file work-v1.cif (mmCIF, C-alpha atoms)
data_input
loop_
_atom_site.label_atom_id
_atom_site.label_comp_id
_atom_site.auth_asym_id
_atom_site.auth_seq_id
_atom_site.Cartn_x
_atom_site.Cartn_y
_atom_site.Cartn_z
CA PHE V 1 101.04 141.73 31.53
CA VAL V 2 100.93 143.20 28.02
CA GLU V 3 99.21 140.06 26.70
CA LEU V 4 96.73 140.31 29.58
CA CYS V 5 95.97 143.97 28.73
CA LYS V 6 95.46 143.02 25.08
CA SER V 7 93.04 140.25 25.94
CA ASP V 8 91.25 142.26 28.66
CA PRO V 9 91.71 146.06 28.37
CA SER V 10 89.53 146.57 31.46
CA VAL V 11 92.58 145.61 33.52
CA LEU V 12 93.90 149.11 32.82
CA SER V 13 90.78 150.65 34.31
CA ASP V 14 91.93 149.75 37.80
CA PRO V 15 92.53 153.04 39.70
CA SER V 16 95.93 151.77 40.88
CA LEU V 17 97.06 151.69 37.21
CA SER V 18 95.98 155.24 36.40
CA PHE V 19 99.64 156.28 36.19
CA PHE V 20 100.20 153.60 33.49
CA ARG V 21 97.19 154.75 31.46
CA GLU V 22 98.43 158.32 31.61
CA TYR V 23 101.88 157.15 30.47
CA LEU V 24 100.44 155.29 27.50
CA GLU V 25 98.32 158.27 26.56
CA SER V 26 101.36 160.54 26.76
CA LEU V 27 102.94 158.31 24.09
CA GLY V 28 99.90 158.83 21.86
CA ALA V 29 98.26 155.49 22.58
CA LYS V 30 94.51 155.20 22.09
CA LEU V 31 92.98 153.00 24.76
CA PRO V 32 89.62 151.24 24.31
CA PRO V 33 86.65 152.35 26.45
CA ALA V 34 87.00 149.26 28.61
CA ALA V 35 90.30 150.68 29.89
CA TYR V 36 88.35 153.47 31.64
CA ALA V 37 85.33 151.54 32.97
CA LYS V 38 86.43 151.10 36.58
CA ALA V 39 87.91 154.61 36.80
CA ARG V 40 84.63 156.16 35.73
CA ALA V 41 82.68 153.96 38.09
CA SER V 42 85.03 154.94 40.92
CA ALA V 43 84.58 158.63 40.14
CA VAL V 44 80.79 158.21 40.14
CA ASP V 45 80.99 156.33 43.43
CA GLU V 46 83.05 159.13 44.99
CA SER V 47 80.57 161.70 43.73
CA ASP V 48 77.71 159.63 45.14
CA GLU V 49 79.52 159.44 48.47
CA ASP V 50 80.00 163.21 48.51
CA MET V 51 76.34 163.72 47.72
CA ALA V 52 75.42 161.17 50.38
CA ASP V 53 77.53 163.13 52.87
CA ALA V 54 75.88 166.38 51.84
CA LYS V 55 72.30 165.09 52.00
CA PRO V 56 72.36 164.29 55.71
CA HIS V 57 73.61 167.83 56.35
CA VAL V 58 70.70 169.27 54.38
CA GLU V 59 68.31 166.94 56.18
CA GLU V 60 69.86 167.96 59.50
CA VAL V 61 69.23 171.64 58.74
CA GLU V 62 65.69 170.84 57.60
CA GLU V 63 65.08 168.93 60.81
CA GLU V 64 66.30 171.92 62.81
CA GLU V 65 63.83 174.09 60.94
CA GLU V 66 61.03 171.61 61.58
CA GLU V 67 61.97 171.61 65.26
CA GLU V 68 61.81 175.38 65.33
CA GLU V 69 61.68 176.93 68.78
CA ASP V 70 58.32 177.57 70.33
CA GLU V 71 57.01 181.08 70.57
CA ILE V 72 58.45 182.97 73.53
CA ILE V 73 55.77 183.26 76.19
CA GLU V 74 56.36 186.11 78.59
CA SER V 75 56.10 185.40 82.28
CA ASP V 76 53.96 187.50 84.57
CA ILE V 77 55.51 190.41 86.43
CA GLU V 78 55.03 190.57 90.16
CA LEU V 79 54.00 194.17 90.79
CA GLU V 80 53.06 195.86 94.02
CA GLY V 81 50.56 198.60 94.70
CA GLU V 82 46.81 198.96 94.48
CA THR V 83 44.96 199.88 91.31
CA VAL V 84 41.33 200.74 90.63
CA GLU V 85 38.87 199.80 87.94
CA PRO V 86 38.76 202.41 85.13
CA ASP V 87 35.88 204.86 85.45
CA ASN V 88 33.66 204.72 82.38
CA ASP V 89 31.45 207.72 83.15
CA PRO V 90 30.59 210.12 80.31
CA PRO V 91 33.27 212.84 79.93
CA GLN V 92 32.87 215.71 82.34
CA LYS V 93 31.83 219.17 81.18
CA MET V 94 34.77 221.15 79.80
CA GLY V 95 35.08 224.87 79.21
CA ASP V 96 34.65 226.62 75.87
CA ALA V 97 38.04 228.11 74.99
CA SER V 98 36.43 230.49 72.48
CA VAL V 99 34.48 232.29 75.20
CA GLU V 100 35.75 235.77 76.07
CA VAL V 101 36.84 235.90 79.69
CA THR V 102 36.09 239.26 81.31
CA ASP V 103 37.41 240.50 84.64
CA GLU V 104 34.01 239.84 86.17
CA LYS V 105 34.10 236.24 84.99
CA ARG V 106 37.60 235.78 86.37
CA GLU V 107 36.50 237.06 89.76
CA ALA V 108 33.41 234.85 89.73
CA SER V 109 35.58 231.89 88.69
CA GLN V 110 37.94 232.53 91.58
CA GLU V 111 35.00 232.75 93.98
CA ALA V 112 33.66 229.41 92.72
CA LYS V 113 37.10 227.87 93.23
CA MET V 114 37.20 229.11 96.85
CA GLN V 115 33.80 227.52 97.46
CA ALA V 116 35.13 224.30 95.96
CA MET V 117 38.12 224.32 98.30
CA GLU V 118 35.82 224.83 101.26
CA ALA V 119 33.65 221.91 100.17
CA LEU V 120 36.77 219.80 99.65
CA SER V 121 37.99 220.53 103.17
CA GLU V 122 34.66 219.24 104.45
CA GLY V 123 34.93 216.07 102.38
CA LYS V 124 32.13 217.10 100.01
CA LEU V 125 33.79 215.90 96.82
CA GLU V 126 30.74 216.02 94.55
CA GLU V 127 30.04 219.62 95.59
CA ALA V 128 33.68 220.51 95.03
CA ILE V 129 33.42 219.11 91.47
CA GLU V 130 30.29 221.19 90.82
CA ARG V 131 31.93 224.42 92.02
CA LEU V 132 35.11 223.74 90.01
CA THR V 133 33.07 222.96 86.89
CA GLU V 134 31.39 226.33 87.41
CA ALA V 135 34.82 227.97 87.75
CA ILE V 136 36.03 226.29 84.54
CA THR V 137 32.93 227.40 82.63
CA LEU V 138 33.52 231.00 83.71
CA ASN V 139 37.25 230.90 82.94
CA PRO V 140 38.12 228.04 80.53
CA THR V 141 41.61 229.50 79.96
CA SER V 142 42.80 228.70 83.47
CA ALA V 143 45.08 225.65 83.71
CA ILE V 144 44.93 225.70 87.50
CA MET V 145 41.14 225.21 87.48
CA TYR V 146 41.42 222.03 85.39
CA ALA V 147 44.38 220.76 87.42
CA THR V 148 42.52 221.38 90.68
CA ARG V 149 39.45 219.50 89.46
CA ALA V 150 41.77 216.68 88.35
CA THR V 151 43.07 216.33 91.92
CA VAL V 152 39.49 216.01 93.18
CA TYR V 153 38.79 213.28 90.63
CA VAL V 154 41.90 211.47 91.92
CA LYS V 155 40.45 211.62 95.44
CA MET V 156 37.18 210.22 94.03
CA LYS V 157 39.16 207.38 92.39
CA LYS V 158 38.09 208.43 88.92
CA PRO V 159 41.45 208.28 87.11
CA ASN V 160 40.16 208.66 83.55
CA ALA V 161 38.29 211.85 84.43
CA ALA V 162 41.42 213.11 86.22
CA ILE V 163 43.57 212.41 83.16
CA ARG V 164 41.17 214.34 80.90
CA ASP V 165 41.36 217.38 83.18
CA ALA V 166 45.14 217.07 83.57
CA ASN V 167 45.55 216.92 79.77
CA ALA V 168 43.40 220.05 79.44
CA ALA V 169 45.54 221.84 82.05
CA LEU V 170 48.78 220.84 80.30
CA GLU V 171 47.42 221.92 76.93
CA ILE V 172 46.89 225.41 78.37
CA ASN V 173 50.10 225.40 80.41
CA PRO V 174 52.75 222.77 79.47
CA ASP V 175 54.63 223.62 82.68
CA SER V 176 51.74 222.90 85.04
CA ALA V 177 53.29 220.90 87.88
CA LYS V 178 49.84 220.21 89.28
CA GLY V 179 48.74 218.89 85.89
CA TYR V 180 51.64 216.42 85.71
CA LYS V 181 51.21 215.43 89.35
CA SER V 182 47.48 214.69 89.08
CA ARG V 183 47.96 212.82 85.79
CA GLY V 184 50.81 210.79 87.26
CA MET V 185 48.70 209.85 90.27
CA ALA V 186 45.78 208.90 88.03
CA ARG V 187 47.99 206.75 85.81
CA ALA V 188 49.38 204.98 88.86
CA MET V 189 45.80 204.17 89.91
CA LEU V 190 45.30 202.53 86.49
CA GLY V 191 48.51 200.54 86.80
CA GLN V 192 50.25 202.56 84.07
CA TRP V 193 53.43 202.54 86.12
CA GLU V 194 55.96 203.71 83.55
CA GLU V 195 53.80 206.62 82.33
CA ALA V 196 53.02 207.53 85.94
CA ALA V 197 56.70 207.62 86.85
CA LYS V 198 57.47 209.92 83.91
CA ASP V 199 54.72 212.37 84.84
CA LEU V 200 55.66 212.40 88.51
CA HIS V 201 59.32 213.01 87.71
CA VAL V 202 58.38 216.01 85.57
CA ALA V 203 56.11 217.32 88.34
CA SER V 204 58.92 216.84 90.84
CA ASN V 205 61.33 218.83 88.68
CA LEU V 206 58.82 221.65 88.25
CA ASP V 207 57.62 221.88 91.85
CA TYR V 208 58.65 219.14 94.27
CA ASP V 209 56.56 218.25 97.27
CA GLU V 210 56.64 215.36 99.75
CA GLU V 211 53.50 213.75 98.32
CA ILE V 212 55.17 213.36 94.91
CA GLY V 213 58.21 211.78 96.55
CA ALA V 214 56.05 209.33 98.51
CA ILE V 215 54.13 208.26 95.40
CA LEU V 216 57.32 207.85 93.37
CA LYS V 217 58.67 205.42 95.97
CA LYS V 218 55.70 203.18 95.21
CA VAL V 219 55.60 203.74 91.46
CA GLU V 220 59.28 203.54 90.50
CA PRO V 221 59.94 199.90 91.57
CA ASN V 222 57.09 198.71 89.35
CA ALA V 223 58.25 200.89 86.47
CA HIS V 224 61.77 199.44 86.76
CA LYS V 225 60.46 195.85 86.86
CA ILE V 226 58.43 196.45 83.69
CA GLU V 227 61.41 198.02 81.92
CA GLU V 228 63.73 195.14 82.88
CA HIS V 229 61.07 192.61 81.82
CA ARG V 230 60.70 194.28 78.42
CA ARG V 231 64.48 194.41 77.88
CA LYS V 232 64.81 190.72 78.79
CA TYR V 233 62.20 189.55 76.30
CA ASP V 234 63.37 191.94 73.60
CA ARG V 235 66.81 190.34 73.96
CA LEU V 236 65.36 186.81 73.86
CA ARG V 237 63.35 187.60 70.72
CA LYS V 238 66.43 189.13 69.08
CA GLU V 239 68.53 186.04 69.89
CA ARG V 240 65.77 183.77 68.57
CA GLU V 241 65.63 185.75 65.31
CA GLU V 242 69.42 185.58 64.96
CA ARG V 243 69.31 181.78 65.37
CA LYS V 244 66.60 181.59 62.74
CA ILE V 245 68.72 183.63 60.31
CA GLN V 246 71.73 181.38 61.04
CA ARG V 247 69.71 178.24 60.30
CA GLU V 248 68.53 179.74 57.02
CA ARG V 249 72.14 180.49 56.03
CA GLN V 250 73.19 176.91 56.84
CA ARG V 251 70.30 175.54 54.81
CA ARG V 252 71.25 177.64 51.79
CA ARG V 253 74.91 176.61 52.02
CA ALA V 254 73.94 172.96 52.26
CA GLU V 255 71.60 173.24 49.29
CA ALA V 256 74.29 175.01 47.27
CA GLN V 257 76.79 172.28 48.14
CA LEU V 258 74.31 169.57 47.13
CA SER V 259 73.56 171.38 43.87
CA THR V 260 77.27 171.63 43.03
CA LEU V 261 77.87 167.95 43.71
CA SER V 262 74.90 166.92 41.58
CA LEU V 263 76.47 168.74 38.63
#

call {"tool": "encode", "arguments": {"input": "work-v1.cif", "output": "structure tokens"}}
result
Amino acid sequence: FVELCKSDPSVLSDPSLSFFREYLESLGAKLPPAAYAKARASAVDESDEDMADAKPHVEEVEEEEEEEEDEIIESDIELEGETVEPDNDPPQKMGDASVEVTDEKREASQEAKMQAMEALSEGKLEEAIERLTEAITLNPTSAIMYATRATVYVKMKKPNAAIRDANAALEINPDSAKGYKSRGMARAMLGQWEEAAKDLHVASNLDYDEEIGAILKKVEPNAHKIEEHRRKYDRLRKEREERKIQRERQRRRAEAQLSTLSL
């Protein structure tokens, strides 16, 4: 065996004889390069195998990224209740808040309101609007005048005009139940179910009446469906983003492993 090693030192490079090489080295022996040839080749092969194992993992992560999930497309919500087309008329005449309101003007404003109520009882909606506009011009500081005109616009199926008047009423009096009620009804006509439900609940808390309760029974189911729909898709988008982050982490780990093996 010794003669064989002398004639062909590469025999010692066999991995199974690594213990013998180490023993000789421990005695101070200097072995020729040929004694390490197979050992080095084996180490390179193992490294190549490790890198080969790592590459598919990187490619697998990259393939997952390439096969990224499609955008989440929201399904339609089945809602009940009738809506109307938005009214696009020019904004109605509003009062001038800087005008001084005298007692005479207040009385005249109240008289105009009474005439409007009489016209309303007779189904003369346009005339009622004219008389209420007159009342608002005489007393632009009255929230009830704006809120009353808003209710007439609701009857005329002019929700945008009703919302403008309701906003004016609530700006003057933030606790105007009639303002919240008329705005809630107008928003329901536009299909703004969640906003309508909020307004109607506030109106109900301030001054409940049976009409508010009846409208809420129609509005609330739609508002709940929209809220549940939004929560569902918010959750799906969050889960999708978490999966995306997880794939990115896996890709980075795989790349780091491949980089380490290549060193």

call {"tool": "atom_distance", "arguments": {"input": "work-v1.cif", "atom1": "atom CA of Ile215 of chain V", "atom2": "atom CA of Gln92 of chain V"}}
result
26.0 Å

call {"tool": "atom_distance", "arguments": {"input": "work-v1.cif", "atom1": "atom CA of Ile245 of chain V", "atom2": "atom CA of Ile226 of chain V"}}
result
28.6 Å

call {"tool": "atom_distance", "arguments": {"input": "work-v1.cif", "atom1": "atom CA of Ser204 of chain V", "atom2": "atom CA of Arg230 of chain V"}}
result
25.8 Å

call {"tool": "residues_around", "arguments": {"input": "work-v1.cif", "residues": "segment 96-106 of chain V", "least_positions_apart": "6", "cutoff": "9 Å", "atoms": "all atoms listed in the file", "output": "list in words"}}
result
Ala135, Ile136, Thr137, Leu138, Asn139, Pro140 and Thr141 of chain V

call {"tool": "residues_near_point", "arguments": {"input": "work-v1.cif", "point": "(35.3, 216.1, 94.3)", "cutoff": "10 Å", "atoms": "all atoms listed in the file", "output": "JSON, numbers by chain"}}
result
{"V": [116, 117, 119, 120, 123, 124, 125, 126, 127, 128, 129, 130, 131, 132, 148, 149, 150, 151, 152, 153, 154, 155, 156, 157, 158]}

call {"tool": "write_last_selection", "arguments": {"input": "work-v1.cif", "atoms": "C-alpha atoms", "output": "CSV table (one decimal), in the coordinates of the input"}}
result
chain,number,residue,atom,x,y,z
V,116,ALA,CA,35.1,224.3,96.0
V,117,MET,CA,38.1,224.3,98.3
V,119,ALA,CA,33.6,221.9,100.2
V,120,LEU,CA,36.8,219.8,99.6
V,123,GLY,CA,34.9,216.1,102.4
V,124,LYS,CA,32.1,217.1,100.0
V,125,LEU,CA,33.8,215.9,96.8
V,126,GLU,CA,30.7,216.0,94.6
V,127,GLU,CA,30.0,219.6,95.6
V,128,ALA,CA,33.7,220.5,95.0
V,129,ILE,CA,33.4,219.1,91.5
V,130,GLU,CA,30.3,221.2,90.8
V,131,ARG,CA,31.9,224.4,92.0
V,132,LEU,CA,35.1,223.7,90.0
V,148,THR,CA,42.5,221.4,90.7
V,149,ARG,CA,39.4,219.5,89.5
V,150,ALA,CA,41.8,216.7,88.4
V,151,THR,CA,43.1,216.3,91.9
V,152,VAL,CA,39.5,216.0,93.2
V,153,TYR,CA,38.8,213.3,90.6
V,154,VAL,CA,41.9,211.5,91.9
V,155,LYS,CA,40.4,211.6,95.4
V,156,MET,CA,37.2,210.2,94.0
V,157,LYS,CA,39.2,207.4,92.4
V,158,LYS,CA,38.1,208.4,88.9

call {"tool": "resolve_selection", "arguments": {"input": "work-v1.cif", "expression": "the PyMOL selection byres ((chain V and resi 206-209) around 10)", "output": "PyMOL selection string"}}
result
chain V and resi 175-178+180-181+200-205+210-214

call {"tool": "residues_around", "arguments": {"input": "work-v1.cif", "residues": "segment 188-199 of chain V", "least_positions_apart": "5", "cutoff": "6 Å", "atoms": "all atoms listed in the file", "output": "PyMOL selection string"}}
result
chain V and resi 83-84+180+219+223

call {"tool": "residues_around", "arguments": {"input": "work-v1.cif", "residues": "Phe1 of chain V", "least_positions_apart": "6", "cutoff": "12 Å", "atoms": "only C-alpha atoms", "output": "list in words"}}
result
Ser7, Asp8, Pro9, Val11 and Leu12 of chain V

call {"tool": "write_last_selection", "arguments": {"input": "work-v1.cif", "atoms": "C-alpha atoms", "output": "short mmCIF file (atom, residue, chain, number, x, y, z; two decimals), in the coordinates of the input"}}
result
data_model
loop_
_atom_site.label_atom_id
_atom_site.label_comp_id
_atom_site.auth_asym_id
_atom_site.auth_seq_id
_atom_site.Cartn_x
_atom_site.Cartn_y
_atom_site.Cartn_z
CA SER V 7 93.04 140.25 25.94
CA ASP V 8 91.25 142.26 28.66
CA PRO V 9 91.71 146.06 28.37
CA VAL V 11 92.58 145.61 33.52
CA LEU V 12 93.90 149.11 32.82
#

call {"tool": "closest_residue", "arguments": {"input": "work-v1.cif", "among": "V:Lys113, V:Asp89, V:Asn222, V:Glu228", "to": "Ala161 of chain V", "atoms": "only C-alpha atoms"}}
result
V:Asp89

call {"tool": "decode", "arguments": {"input": "work-v1.cif", "residues": "segment 213-255 of chain V", "atoms": "C-alpha atoms", "output": "tab-separated table (two decimals), in the first residue's frame"}}
result
chain	number	residue	atom	x	y	z
V	213	GLY	CA	-88.87	54.20	11.51
V	214	ALA	CA	-90.54	53.05	8.28
V	215	ILE	CA	-87.74	54.49	6.12
V	216	LEU	CA	-85.04	52.97	8.33
V	217	LYS	CA	-86.55	49.51	7.81
V	218	LYS	CA	-85.89	49.93	4.09
V	219	VAL	CA	-82.53	51.67	4.38
V	220	GLU	CA	-80.77	49.66	7.10
V	221	PRO	CA	-80.68	46.26	5.28
V	222	ASN	CA	-78.89	47.86	2.33
V	223	ALA	CA	-76.51	49.74	4.62
V	224	HIS	CA	-75.64	46.47	6.41
V	225	LYS	CA	-75.07	44.62	3.11
V	226	ILE	CA	-72.69	47.36	1.93
V	227	GLU	CA	-70.79	47.31	5.23
V	228	GLU	CA	-70.43	43.51	5.18
V	229	HIS	CA	-69.35	43.63	1.52
V	230	ARG	CA	-66.67	46.22	2.31
V	231	ARG	CA	-65.38	44.24	5.30
V	232	LYS	CA	-65.18	41.05	3.21
V	233	TYR	CA	-63.11	42.62	0.45
V	234	ASP	CA	-60.95	44.58	2.88
V	235	ARG	CA	-60.12	41.23	4.52
V	236	LEU	CA	-59.40	39.57	1.15
V	237	ARG	CA	-57.10	42.43	0.11
V	238	LYS	CA	-55.29	42.25	3.46
V	239	GLU	CA	-54.78	38.47	3.11
V	240	ARG	CA	-53.54	38.94	-0.46
V	241	GLU	CA	-51.03	41.57	0.69
V	242	GLU	CA	-49.83	39.29	3.50
V	243	ARG	CA	-49.24	36.46	1.00
V	244	LYS	CA	-47.31	38.85	-1.21
V	245	ILE	CA	-45.10	39.88	1.73
V	246	GLN	CA	-44.54	36.21	2.62
V	247	ARG	CA	-43.46	35.39	-0.94
V	248	GLU	CA	-41.02	38.30	-0.89
V	249	ARG	CA	-39.51	37.03	2.37
V	250	GLN	CA	-39.11	33.53	0.90
V	251	ARG	CA	-37.46	34.96	-2.20
V	252	ARG	CA	-34.97	36.94	-0.12
V	253	ARG	CA	-34.12	33.92	2.04
V	254	ALA	CA	-33.59	31.78	-1.04
V	255	GLU	CA	-31.37	34.39	-2.65
